[in-house]
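> Dropping in run_24.txt, with compact mmCIF, C-alpha atoms.
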```txt
# COMPACT_ATOMS: atom_id res chain seq x y z
CA MET A 82 51.02 65.35 109.81
CA ASP A 83 47.82 67.36 110.09
CA ALA A 84 46.14 68.35 106.81
CA SER A 85 46.43 72.05 107.69
CA VAL A 86 50.16 71.76 108.44
CA ALA A 87 52.53 70.97 105.60
CA ALA A 88 56.27 70.91 105.20
CA VAL A 89 57.65 73.54 102.84
CA GLY A 90 61.36 73.04 102.54
CA GLN A 91 62.34 72.50 106.17
CA THR A 92 59.59 74.68 107.67
CA GLN A 93 56.08 73.74 108.73
CA ILE A 94 53.36 76.27 108.05
CA LEU A 95 50.26 76.37 110.20
CA GLY A 96 47.06 77.03 108.29
CA LEU A 97 48.62 76.26 104.93
CA ARG A 98 45.24 75.85 103.23
CA PHE A 99 44.16 79.27 104.51
CA TRP A 100 47.30 80.97 103.17
CA ILE A 101 46.99 79.23 99.81
CA PHE A 102 43.36 80.35 99.58
CA ALA A 103 44.32 83.90 100.58
CA TRP A 104 47.01 84.13 97.89
CA TYR A 105 44.61 82.79 95.25
CA VAL A 106 42.17 85.55 96.24
CA ILE A 107 44.97 88.14 96.01
CA LEU A 108 45.90 86.72 92.59
CA LEU A 109 42.29 87.11 91.44
CA VAL A 110 42.13 90.69 92.76
CA GLY A 111 45.43 91.50 91.04
CA ALA A 112 44.26 90.04 87.72
CA LEU A 113 40.97 91.95 87.89
CA GLY A 114 42.83 95.12 88.83
CA LEU A 115 45.22 94.68 85.94
CA LEU A 116 42.35 94.18 83.49
CA GLY A 117 40.60 97.28 84.80
CA ALA A 118 43.78 99.35 84.72
CA TRP A 119 44.50 98.13 81.19
CA ALA A 120 41.01 99.11 79.98
CA TRP A 121 41.28 102.49 81.71
CA GLY A 122 44.74 103.02 80.26
CA ARG A 123 43.46 102.52 76.73
CA ARG A 124 40.87 105.23 77.33
CA THR A 125 43.24 107.74 78.95
CA GLY A 126 46.32 107.40 76.77
CA TRP A 127 48.18 105.17 79.25
CA ARG A 128 48.50 107.86 81.92
CA ASN A 129 47.92 105.20 84.58
CA ARG A 130 51.04 103.16 83.92
CA ASP A 131 51.74 102.93 87.64
CA GLU A 132 48.46 101.07 88.18
CA ILE A 133 49.28 98.65 85.37
CA VAL A 134 52.74 97.96 86.78
CA ARG A 135 51.20 97.52 90.24
CA GLY A 136 48.79 94.93 88.79
CA PHE A 137 51.68 92.96 87.30
CA GLY A 138 53.50 93.18 90.63
CA THR A 139 50.49 91.78 92.48
CA ILE A 140 50.30 88.86 90.06
CA PHE A 141 54.05 88.19 90.32
CA LEU A 142 53.87 88.29 94.12
CA SER A 143 50.84 86.00 94.29
CA VAL A 144 52.28 83.39 91.93
CA GLY A 145 55.63 83.53 93.73
CA MET A 146 54.02 83.05 97.13
CA LEU A 147 51.90 80.17 95.83
CA LEU A 148 55.01 78.48 94.44
CA LEU A 149 56.74 78.92 97.78
CA LEU A 150 53.74 77.62 99.73
CA TYR A 151 53.35 74.57 97.50
CA GLY A 152 57.10 74.00 97.71
CA THR A 153 57.40 73.10 94.04
CA ALA A 154 59.69 75.72 92.49
CA LEU A 155 61.30 77.51 95.41
CA ARG A 156 63.90 79.42 93.39
CA LEU A 157 61.35 80.59 90.84
CA GLY A 158 58.97 81.56 93.65
CA ALA A 159 61.67 83.58 95.39
CA ALA A 160 62.65 85.20 92.08
CA LEU A 161 59.02 86.20 91.43
CA VAL A 162 58.73 87.71 94.91
CA GLY A 163 61.90 89.70 94.23
CA LEU A 164 60.59 90.76 90.82
CA ALA A 165 57.33 91.85 92.45
CA THR A 166 59.27 94.02 94.90
CA GLY A 167 61.00 95.69 91.97
CA THR A 168 57.74 96.27 90.12
CA PHE A 169 56.19 97.87 93.21
CA VAL A 170 59.17 100.24 93.47
CA VAL A 171 58.83 101.12 89.77
CA ALA A 172 55.08 101.70 90.21
CA PHE A 173 55.76 103.99 93.17
CA LEU A 174 58.32 105.99 91.19
CA GLN A 175 56.02 106.28 88.19
CA GLY A 176 53.11 107.33 90.38
CA SER A 177 55.16 110.01 92.12
CA LYS A 178 56.03 111.59 88.76
CA LEU A 179 52.38 112.16 87.87
CA LYS A 180 51.09 115.69 88.08
CA ARG A 181 48.80 115.88 91.10
CA PRO A 182 46.13 118.54 91.49
CA SER A 183 46.86 121.27 93.98
CA LEU A 184 44.17 122.45 96.37
CA ARG A 185 43.46 126.15 96.04
CA LEU A 186 40.62 128.21 97.31
CA VAL A 187 38.28 129.21 94.54
CA ARG A 188 37.63 132.92 94.88
CA GLY A 189 34.46 133.74 96.75
CA GLU A 190 33.44 130.18 97.58
CA GLY A 191 35.66 129.34 100.55
CA VAL A 192 35.74 125.69 99.45
CA ALA A 193 38.96 124.01 98.40
CA ARG A 194 38.64 122.33 95.03
CA PRO A 195 41.34 120.48 93.13
CA ARG A 196 42.69 122.52 90.22
CA PHE A 197 45.47 121.64 87.84
CA SER A 198 47.96 124.43 87.47
```
How does this structure look as structure tokens?


Amino acid sequence: MDASVAAVGQTQILGLRFWIFAWYVILLVGALGLLGAWAWGRRTGWRNRDEIVRGFGTIFLSVGMLLLLYGTALRLGAALVGLATGTFVVAFLQGSKLKRPSLRLVRGEGVARPRFS
């Protein structure tokens, strides 16, 4: 078997090393995003909870995909991918509840600026 092709369960995956590398990069980006969102949340009174939940979801998804690609804990990997899907839905719902600025024309300027109303 070629080094870049490995058996995961009953399936062979072409470019396995590439996909493992890609999911490690996504895991790193998710961890850095979570740390940044956590620091920002402490400063803003946790108004960015959707970003924090999204960071956890990215980490869950990355770890789950890595477990599936390595073929070590397939059930746990699938459970983490499912958990990640749920966290992304929760993050979307939390983000849609946030008060977004409306664009209104500021009198006399003719330029739309975001204003909270």

> Restricting the calculation to only C-alpha atoms, which member of A:Thr153, A:Ser143, A:Ser177, A:Thr168 is positioned closest to Ile107 of chain A?

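Counting only C-alpha atoms, the residue closest to Ile107 of chain A is A:Ser143.
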
> Using only C-alpha atoms for the distances, tell me which of A:Leu113, A:Val162, A:Gln175, A:Arg135 is nearest to Leu147 of chain A.

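So, comparing all the options, the nearest one is A:Val162.
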
> For Thr166 of chain A, please output as a PyMOL selection string all residues within 12 Å (counting all atoms listed in the file; exclusion window: fewer than 3 positions along the same chain).

chain A and resi 134-135+137-143+145+159-163+169-173

> Show me, as AutoDock Vina command-line options, the centre and edge lengths in Å to one decimal of the axis-aligned box that covers every listed atom of segment 152-157 of chain A with 3 Å on each side.


```
--center_x 60.5 --center_y 76.8 --center_z 94.3 --size_x 12.8 --size_y 13.5 --size_z 12.9
```

> Quote the spacing between atom CA of Thr125 of chain A and atom CA of Lys178 of chain A in Å to one decimal place.

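Going from atom CA of Thr125 of chain A over to atom CA of Lys178 of chain A covers 16.6 Å.
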
> For a test of reading the model, state the distance in Å between atom CA of Leu174 of chain A and atom CA of Leu108 of chain A, rounded to one decimal.

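Calculated distance between atom CA of Leu174 of chain A and atom CA of Leu108 of chain A is 23.0 Å.
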
> Return the single residue from A:Val144, A:Leu164, A:Leu157, A:Ala118 that is closest to Tyr105 of chain A, with distances computed using all atoms listed in the file.

A:Val144

> Using only C-alpha atoms, which residue out of A:Leu97, A:Trp104, A:Gly136, A:Ala154 lies closest to Gly117 of chain A?

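Of the candidates, the smallest distance to Gly117 of chain A is held by A:Gly136.
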